[in-house]
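S.K.: Pasting in a structure now, in structure tokens, and then I'll have a few things to ask.
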Amino acid sequence: REEGAASWRFSRPYLFSLAFFALALLSKPMAVSLPIVLLILDWHPFRRIRSWTSLRGVLIEKLPFLGMSIISAVLTIMAQRTGEAMQMLAAVPLWARLLVAAKAIVVYVGKMALPLGLSPYYPYPPKQEIMQGLAYYLGAVFIVLGATVVLLVMANKRRALLSAWGYYVVTLVPVVGIVQVGLQSMADRYTYLPSLGPFVLLGLASAWIWEQGASLKRRGSALKSASVVAACLLGIALSCLTLKQIPVWKNGVELWSSVIERDPEGIPFAYHNRGLAYEEQGQLDQALRDLDKALSLDPAPYVRSIASANRKGVLEKKGLIDSAMERFAKAVSLNARDAKAYISRGVVFAEAGMYERAIEDFTRAILLDPADADGYTSRGLTFAEQGRVDRAIEDYNAAIRLNPSSADAFLNRGVAFEQSGQLERALSDYDKALTLDPSDALAYNNRGLVHGKMGRITEALQDHTAALSLDPDFVKVYLDRGELYQETGRTDLALQDFQKACDRGSGEGCAAIRAAAK
């Protein structure tokens, strides 16, 4: 409307939009840019802004949205201000952050047009690097300003161009590095909303080409056919690039290895994170090498601090494993036909992530004593760690045939069935494991997870609660039950469980509380 703002006051759609905006902010603070986006849309394509009077009206109706955005932004910054990454970024001068932001705006457009050289992590450049490449960064500034000026001049005739450009820049502002939490200068995932602007223009251009084809008599069919072929080729090319990129996210080792390949000497944080991923896989020697490399690259103080602490933990773990290996290796050398010694050494190999050597020891133990179910159970667990679920189930079957009263064998086979999607069979095995050992909190929790996947919420909660009655300090149960409460809309109970997990030293529980507070 041309005059005032009376048409929206207290209307049901307006109140609904405010409510949904509040939910959006609680879900993702990146939604803070919505009030400005709405003003851009009011200008074009809705054309609600035609005079200063109409501008005043639409500004008034956006005030509640703007107020909610400001509150969300302040709370987000306050929640993160104590973080080391936030402190590091605050130490970067404003002029440097503006240069990095301009570069990101230009590079994002380039990666949308030609998605090559993608990386899971783009480090924030140090001040010295910015100074060395000052011409490059200033060039990005001139491109951004130049594009804006040109589009402003063309605004009367090509409103869609300026509207799309404004939307793109505005939605990038929260994550472009001017005010940002984290050590990255940019991230491919940040463009999931901003990319809508350029791609809307691409869609309009495609529609225009198609219309031109419809208006041409002789060459119209050829133009349409060429458009279809180009669209198909583009789809195939993007699919191939997607398939190429997916393996990068397979696990932490693959992810950070891809980052290191692009800059082997420039990102201490990448070596640190890959070292932690190696530690999780039990590959302690590789973990130590990466943590040592992270420290040798002269990282930021807080990276050095956590890398040193984690290195100490890996060394302690490695010392215990090396000591155990030496002890069981001696036992094997004293009696080469001792199946139990091979099983014990195999367990140590498995804990160290040396799965093939573990399997060799378990297989040797099975050959020496085919009637011992422990060899099959241990080998089955190792196969499961490798993701070879079918082989794991075969070994668990053998262990159960040899020892039908083994609760562990049923429990582990239930896990394998659950991993392979055979939920009914997993449930049956967990039932059997609990019949054999009613005091097994893990079996109760695992059965609760299966009930949850099958939509049996009451049974799932009963099992999680039973697990906690047996082991009140079982952190994973609090996390699993908390997630179930959260999925069923019982947020207060979910937060209580996450808090209990956090109180018991769970970083995941603390993170869940912070995520719920955003």
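Residue numbering restarts at 1 for every chain of the structure tokens, chains are lettered A, B, ... in their displayed order, and ligands are numbered from 1 as they appear.
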For region 355-370 of chain A, work out the shell of residues within 6 Å, counting only C-alpha atoms and skipping chain neighbours fewer than 4 positions away, then give it as an mmCIF file with C-alpha atoms, in the first residue's frame.

M.R.:
data_model
loop_
_atom_site.group_PDB
_atom_site.id
_atom_site.type_symbol
_atom_site.label_atom_id
_atom_site.label_comp_id
_atom_site.auth_asym_id
_atom_site.auth_seq_id
_atom_site.Cartn_x
_atom_site.Cartn_y
_atom_site.Cartn_z
ATOM 1 C CA ALA A 339 45.080 -69.041 22.363
ATOM 2 C CA TYR A 342 46.762 -64.251 21.110
ATOM 3 C CA ILE A 343 43.297 -62.977 22.018
ATOM 4 C CA GLY A 346 44.718 -58.946 19.505
ATOM 5 C CA PHE A 349 46.141 -54.264 18.583
ATOM 6 C CA ALA A 350 42.461 -53.451 18.065
ATOM 7 C CA GLY A 375 38.063 -65.576 19.745
ATOM 8 C CA ARG A 379 37.216 -60.900 15.869
#

S.K.: How close does region 443-485 of chain A get to region 390-411 of chain A? List, as CSV, each residue of region 443-485 of chain A within 10 Å, its nearest atom pair and the distance in Å to one decimal, counting only C-alpha atoms.

M.R.:
residue,atom,partner,partner_atom,distance
A:Ala443,CA,A:Leu411,CA,6.4
A:Tyr444,CA,A:Leu411,CA,10.0
A:Asn446,CA,A:Leu411,CA,8.6
A:Arg447,CA,A:Leu411,CA,9.6

S.K.: Go ahead and save the residues from that selection, with C-alpha atoms, as a short mmCIF file (atom, residue, chain, number, x, y, z; two decimals), in the first residue's frame.

M.R.:
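Contents of again-v1.cif, as written:
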data_model
loop_
_atom_site.label_atom_id
_atom_site.label_comp_id
_atom_site.auth_asym_id
_atom_site.auth_seq_id
_atom_site.Cartn_x
_atom_site.Cartn_y
_atom_site.Cartn_z
CA ALA A 443 21.97 -53.44 26.50
CA TYR A 444 19.06 -51.43 27.92
CA ASN A 446 20.87 -49.99 22.91
CA ARG A 447 17.40 -51.51 23.02
#

S.K.: Go ahead and compute the interatomic distance for CA of Ser72 (chain A) and CA of Lys28 (chain A), in Å to one decimal.

M.R.: 9.7 Å

S.K.: Separation of CA of Met154 (chain A) and CA of Thr53 (chain A), in Å?

M.R.: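 Taking CA of Met154 (chain A) and CA of Thr53 (chain A), their separation equals 23.7 Å.
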
S.K.: Give the strand (DSSP E) residues of region 100-268 of chain A, as assigned by DSSP on the backbone, as a PyMOL selection string.

M.R.: chain A and resi 122-123+184-186

S.K.: Please, could you write that set of residues out with all heavy atoms as a short mmCIF file (atom, residue, chain, number, x, y, z; two decimals), in the first residue's frame?

M.R.:
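Final file, result27.cif:
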data_model
loop_
_atom_site.label_atom_id
_atom_site.label_comp_id
_atom_site.auth_asym_id
_atom_site.auth_seq_id
_atom_site.Cartn_x
_atom_site.Cartn_y
_atom_site.Cartn_z
N TYR A 122 38.70 -22.67 5.06
CA TYR A 122 39.49 -21.58 4.50
C TYR A 122 40.02 -20.74 5.68
O TYR A 122 39.24 -20.02 6.31
CB TYR A 122 38.63 -20.70 3.60
CG TYR A 122 38.01 -21.43 2.43
CD1 TYR A 122 36.73 -21.97 2.53
CD2 TYR A 122 38.69 -21.55 1.22
CE1 TYR A 122 36.15 -22.63 1.45
CE2 TYR A 122 38.11 -22.22 0.14
CZ TYR A 122 36.84 -22.76 0.27
OH TYR A 122 36.26 -23.41 -0.79
N PRO A 123 41.30 -20.83 6.00
CA PRO A 123 41.82 -20.14 7.19
C PRO A 123 41.77 -18.62 7.05
O PRO A 123 41.87 -18.09 5.94
CB PRO A 123 43.27 -20.64 7.28
CG PRO A 123 43.63 -20.99 5.87
CD PRO A 123 42.37 -21.52 5.25
N GLN A 184 37.78 -19.22 10.45
CA GLN A 184 37.70 -19.31 9.00
C GLN A 184 37.38 -17.95 8.39
O GLN A 184 36.67 -17.15 8.99
CB GLN A 184 36.65 -20.34 8.58
CG GLN A 184 35.20 -19.96 8.87
CD GLN A 184 34.82 -20.12 10.32
OE1 GLN A 184 35.53 -20.73 11.10
NE2 GLN A 184 33.68 -19.56 10.69
N SER A 185 37.91 -17.72 7.20
CA SER A 185 37.60 -16.47 6.49
C SER A 185 36.32 -16.61 5.68
O SER A 185 35.65 -15.63 5.38
CB SER A 185 38.75 -16.09 5.57
OG SER A 185 38.94 -17.08 4.58
N MET A 186 35.99 -17.83 5.31
CA MET A 186 34.78 -18.12 4.57
C MET A 186 34.52 -19.62 4.66
O MET A 186 35.37 -20.38 5.13
CB MET A 186 34.90 -17.69 3.09
CG MET A 186 36.12 -18.21 2.38
SD MET A 186 36.29 -17.57 0.70
CE MET A 186 35.02 -18.51 -0.15
#

S.K.: So that I can see what lies close to Leu449 (chain A), please list as JSON, numbers by chain the residues with an atom at most 10 Å from it, counting only C-alpha atoms and leaving out residues fewer than 2 positions away in the same chain.

M.R.: {"A": [418, 427, 443, 444, 445, 446, 447, 451, 452, 453, 454, 455, 456, 457, 459, 460, 461, 463, 464, 477, 480, 481, 484]}

S.K.: At what distance in Å, to one decimal, does CA of Ser506 (chain A) lie from CA of Phe417 (chain A)?

M.R.: 27.7 Å
